[in-house]
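**Q** The structure is given below, and queries will be raised subsequently.
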Amino acid sequence: MATAKKLPSGSWRCQVYDYTDANGKRHYKSFTSDNPTAKGKRAAEKMAADYAAEKESKYHCSFTFGEAFDNYVKDRESVLAVSTIREYKRTKRVDLSELSKVKIENITSEQIQELINRMAKEKSPKTVRNIHGIISTVLKTYRPEIALNTTLPQKIPPKLYIPTDEDIQTLLGHIDNDDMMIAVLLAAFGPLRRSEICGLEDTDFNGNIAHIQRAVVMDENKQWVDKTTKSVAGNRFIPLPDFVIDRLKGRTGRIVQLKPNQISDRFIDIIAHSGLPHFRFHDLRHYCASIQHALGIPDAYIMQRGGWGSDAVLKQVYRHALSDKTEQMNDIANDHFSNLCNTKCNT
């Protein structure tokens with residue numbers, strides 16, 4: 001049992017081990033009694049002992065990782081996104097079936113490393129990292145003293161094709177369905193996500209301003225349900241161009257009578273028939289954000305329009321210069337350097 005030490009103030013302090021963080025640093029919980037007598041010393045030691053016993057009972061019980069996983073999700077069902085819950089449960093069922101059977105008190109960091117090593121041979125680095133993230137979160141909740149120093153597969157930069165202005169014009173010329181035309185316009189010039197497009201209603205418009213306040217997502221039972229936007233930043237007001245608003249006139253209720261998966265499936269067919277390079281419906285958002293960036297619009301406004309809570313996504317994905325703008329941008333730079341040289345270097 002930990003022994004209390006007397007502080008210069010006369011109080012007694014007893015420290016008990018709490019947990020080891022990801023960097024290997026040990027953390028301790030302190031319990032203090034202001035009574036300067038031996039009774040105060042015993043009181044501090046008892047508080048520390050009670051805490052240790054309670055912690056031992058809570059975290060070193062005999063339930064399995066699967067049960068801990070279920071408890072973690074259940075305790076957060078009211079705050080987690082529907083899609084997040086669905087993905088967590090799929091991960092447990094498909095990827096963590098063996099680990100789910102192991103008593104949580106018997107799990108070791110070496111065991112997790114071996115699991116990640118096996119997954120890395122079959123899955124993408126992003127998928128492996130996501131799986132490790134939920135494992136780590138559950139263990140941190142129910143086994144906070146365990147220190148995972150797992151070596152994860154190296155991240156691979158995404159290979160994205162960002163549509164050009166010419167691509168968008170070609171794409172629009174190959175759409176013969178009103179719902180799909182509106183969906184593409186809202187994604188390319190909004191930029192709205194699939195789920196937000198499917199949740200948009202006529203009452204969400206005030207003139208040219210669209211209020212993005214709901215999304216349609218699939219729950220764990222594979223049913224399409226309405227929910228709030230992906231994040232707080234996702235609840236936003238977007239001024240849309242006149243030509244987009246003109247396409248919506250006369251529509252009541254849901255603006256687009258399609259589900260997110262139907263938009264994706266139909267978009268694949270449209271791309272195939274158009275002869276364009278393959279890209280996803282979601283890449284229309286990339287196009288919109290990249291165009292805004294190329295036009296010199298500050299990131300803060302791009303983030304607000306697209307519903308991003310931080311510029312992390314912009315830094316990772318959306319700051320790629322459009323291929324049809326690259327030559328133009330290079331010409332601007334070269335002209336500047338040439339003018340500088342002609343002025344200064346030839347004197």
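Residue names in the structure tokens use chain letters A, B, ... in the order shown, residue numbers from 1 in each chain, and ligand numbers from 1 in the order shown.
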Quick one: pick out all alpha helix (DSSP H) residues within range 36-178 of chain A from a backbone DSSP run and write them as a ChimeraX atom specification.
**A** /A:38-59,65-75,82-94,109-120,125-142,165-172,178
**Q** By how many Å are CA of Ala44 in chain A and CA of Arg26 in chain A apart?
**A** 20.5 Å
**Q** Excluding Ile168 in chain A and residues on its chain fewer than 2 positions from it, collect all residues at most 10 Å away from it, counting only C-alpha atoms, and give them as JSON, numbers by chain.
**A** {"A": [163, 164, 165, 166, 170, 171, 172, 173, 184, 185, 188, 276, 284, 287]}
**Q** Can you write just those residues out, all heavy atoms, as an mmCIF file, in the first residue's frame?
**A**
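again_27.cif, freshly written:
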```cif
data_model
loop_
_atom_site.group_PDB
_atom_site.id
_atom_site.type_symbol
_atom_site.label_atom_id
_atom_site.label_comp_id
_atom_site.auth_asym_id
_atom_site.auth_seq_id
_atom_site.Cartn_x
_atom_site.Cartn_y
_atom_site.Cartn_z
ATOM 1 N N PRO A 163 -11.896 17.147 -60.699
ATOM 2 C CA PRO A 163 -12.441 17.555 -61.997
ATOM 3 C C PRO A 163 -12.046 18.984 -62.352
ATOM 4 O O PRO A 163 -11.885 19.845 -61.480
ATOM 5 C CB PRO A 163 -13.963 17.443 -61.803
ATOM 6 C CG PRO A 163 -14.146 16.576 -60.608
ATOM 7 C CD PRO A 163 -12.956 16.787 -59.740
ATOM 8 N N THR A 164 -11.903 19.234 -63.630
ATOM 9 C CA THR A 164 -11.598 20.572 -64.123
ATOM 10 C C THR A 164 -12.892 21.271 -64.534
ATOM 11 O O THR A 164 -13.965 20.658 -64.581
ATOM 12 C CB THR A 164 -10.668 20.493 -65.338
ATOM 13 O OG1 THR A 164 -11.380 19.838 -66.408
ATOM 14 C CG2 THR A 164 -9.407 19.702 -65.010
ATOM 15 N N ASP A 165 -12.778 22.553 -64.854
ATOM 16 C CA ASP A 165 -13.944 23.273 -65.369
ATOM 17 C C ASP A 165 -14.491 22.582 -66.616
ATOM 18 O O ASP A 165 -15.715 22.444 -66.783
ATOM 19 C CB ASP A 165 -13.555 24.709 -65.715
ATOM 20 C CG ASP A 165 -13.356 25.582 -64.478
ATOM 21 O OD1 ASP A 165 -13.834 25.187 -63.395
ATOM 22 O OD2 ASP A 165 -12.721 26.642 -64.597
ATOM 23 N N GLU A 166 -13.602 22.149 -67.487
ATOM 24 C CA GLU A 166 -14.013 21.476 -68.718
ATOM 25 C C GLU A 166 -14.722 20.163 -68.391
ATOM 26 O O GLU A 166 -15.719 19.806 -69.043
ATOM 27 C CB GLU A 166 -12.802 21.219 -69.606
ATOM 28 C CG GLU A 166 -13.155 20.591 -70.953
ATOM 29 C CD GLU A 166 -11.930 20.369 -71.823
ATOM 30 O OE1 GLU A 166 -10.806 20.677 -71.368
ATOM 31 O OE2 GLU A 166 -12.089 19.877 -72.955
ATOM 32 N N THR A 170 -18.567 19.070 -69.438
ATOM 33 C CA THR A 170 -18.855 17.808 -70.131
ATOM 34 C C THR A 170 -19.839 16.966 -69.334
ATOM 35 O O THR A 170 -20.787 16.393 -69.876
ATOM 36 C CB THR A 170 -17.560 17.010 -70.360
ATOM 37 O OG1 THR A 170 -16.661 17.791 -71.155
ATOM 38 C CG2 THR A 170 -17.844 15.683 -71.063
ATOM 39 N N LEU A 171 -19.621 16.887 -68.024
ATOM 40 C CA LEU A 171 -20.493 16.104 -67.150
ATOM 41 C C LEU A 171 -21.934 16.588 -67.234
ATOM 42 O O LEU A 171 -22.866 15.793 -67.392
ATOM 43 C CB LEU A 171 -19.984 16.202 -65.707
ATOM 44 C CG LEU A 171 -20.856 15.571 -64.624
ATOM 45 C CD1 LEU A 171 -20.912 14.062 -64.803
ATOM 46 C CD2 LEU A 171 -20.312 15.920 -63.235
ATOM 47 N N LEU A 172 -22.130 17.908 -67.135
ATOM 48 C CA LEU A 172 -23.482 18.467 -67.157
ATOM 49 C C LEU A 172 -24.188 18.166 -68.476
ATOM 50 O O LEU A 172 -25.410 18.016 -68.512
ATOM 51 C CB LEU A 172 -23.434 19.978 -66.915
ATOM 52 C CG LEU A 172 -22.937 20.420 -65.531
ATOM 53 C CD1 LEU A 172 -22.857 21.936 -65.445
ATOM 54 C CD2 LEU A 172 -23.829 19.878 -64.423
ATOM 55 N N GLY A 173 -23.414 18.042 -69.538
ATOM 56 C CA GLY A 173 -24.002 17.753 -70.838
ATOM 57 C C GLY A 173 -24.456 16.317 -71.000
ATOM 58 O O GLY A 173 -25.123 15.974 -71.983
ATOM 59 N N VAL A 184 -25.908 17.130 -58.752
ATOM 60 C CA VAL A 184 -24.570 17.509 -59.225
ATOM 61 C C VAL A 184 -24.344 19.007 -59.047
ATOM 62 O O VAL A 184 -23.265 19.435 -58.608
ATOM 63 C CB VAL A 184 -24.387 17.094 -60.703
ATOM 64 C CG1 VAL A 184 -23.128 17.749 -61.286
ATOM 65 C CG2 VAL A 184 -24.293 15.581 -60.818
ATOM 66 N N LEU A 185 -25.350 19.816 -59.371
ATOM 67 C CA LEU A 185 -25.207 21.268 -59.212
ATOM 68 C C LEU A 185 -24.964 21.645 -57.751
ATOM 69 O O LEU A 185 -24.116 22.489 -57.441
ATOM 70 C CB LEU A 185 -26.460 21.978 -59.729
ATOM 71 C CG LEU A 185 -26.726 21.905 -61.237
ATOM 72 C CD1 LEU A 185 -28.040 22.595 -61.568
ATOM 73 C CD2 LEU A 185 -25.579 22.519 -62.032
ATOM 74 N N ALA A 188 -21.328 20.414 -56.833
ATOM 75 C CA ALA A 188 -20.229 21.095 -57.516
ATOM 76 C C ALA A 188 -20.161 22.578 -57.202
ATOM 77 O O ALA A 188 -19.070 23.165 -57.195
ATOM 78 C CB ALA A 188 -20.354 20.898 -59.030
ATOM 79 N N LEU A 276 -15.388 10.690 -69.407
ATOM 80 C CA LEU A 276 -14.493 11.425 -68.504
ATOM 81 C C LEU A 276 -13.634 10.465 -67.700
ATOM 82 O O LEU A 276 -14.003 9.300 -67.506
ATOM 83 C CB LEU A 276 -15.318 12.283 -67.542
ATOM 84 C CG LEU A 276 -16.053 13.486 -68.133
ATOM 85 C CD1 LEU A 276 -17.016 14.068 -67.100
ATOM 86 C CD2 LEU A 276 -15.051 14.551 -68.583
ATOM 87 N N LEU A 284 -16.796 16.179 -56.524
ATOM 88 C CA LEU A 284 -17.375 17.459 -56.924
ATOM 89 C C LEU A 284 -17.168 18.501 -55.825
ATOM 90 O O LEU A 284 -17.007 19.694 -56.098
ATOM 91 C CB LEU A 284 -18.871 17.297 -57.225
ATOM 92 C CG LEU A 284 -19.216 16.388 -58.412
ATOM 93 C CD1 LEU A 284 -20.727 16.185 -58.494
ATOM 94 C CD2 LEU A 284 -18.666 16.951 -59.712
ATOM 95 N N TYR A 287 -13.733 19.699 -56.257
ATOM 96 C CA TYR A 287 -13.700 20.676 -57.346
ATOM 97 C C TYR A 287 -14.087 22.063 -56.833
ATOM 98 O O TYR A 287 -13.389 23.057 -57.078
ATOM 99 C CB TYR A 287 -14.647 20.243 -58.467
ATOM 100 C CG TYR A 287 -15.035 21.366 -59.395
ATOM 101 C CD1 TYR A 287 -14.165 21.804 -60.400
ATOM 102 C CD2 TYR A 287 -16.268 22.014 -59.252
ATOM 103 C CE1 TYR A 287 -14.514 22.851 -61.233
ATOM 104 C CE2 TYR A 287 -16.626 23.057 -60.096
ATOM 105 C CZ TYR A 287 -15.745 23.474 -61.081
ATOM 106 O OH TYR A 287 -16.091 24.520 -61.908
#
```
**Q** Pick from A:Ile297, A:Ile245, A:Ile263, A:Val94: nearest to Asn177 in chain A, with only C-alpha atoms counted?
**A**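 Of the candidates, the smallest distance to Asn177 in chain A is held by A:Ile263.
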**Q** At what distance in Å, to one decimal, does CA of Lys222 in chain A lie from CA of Tyr88 in chain A?
**A**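 Value for the CA of Tyr88 in chain A-CA of Lys222 in chain A distance: 13.9 Å.
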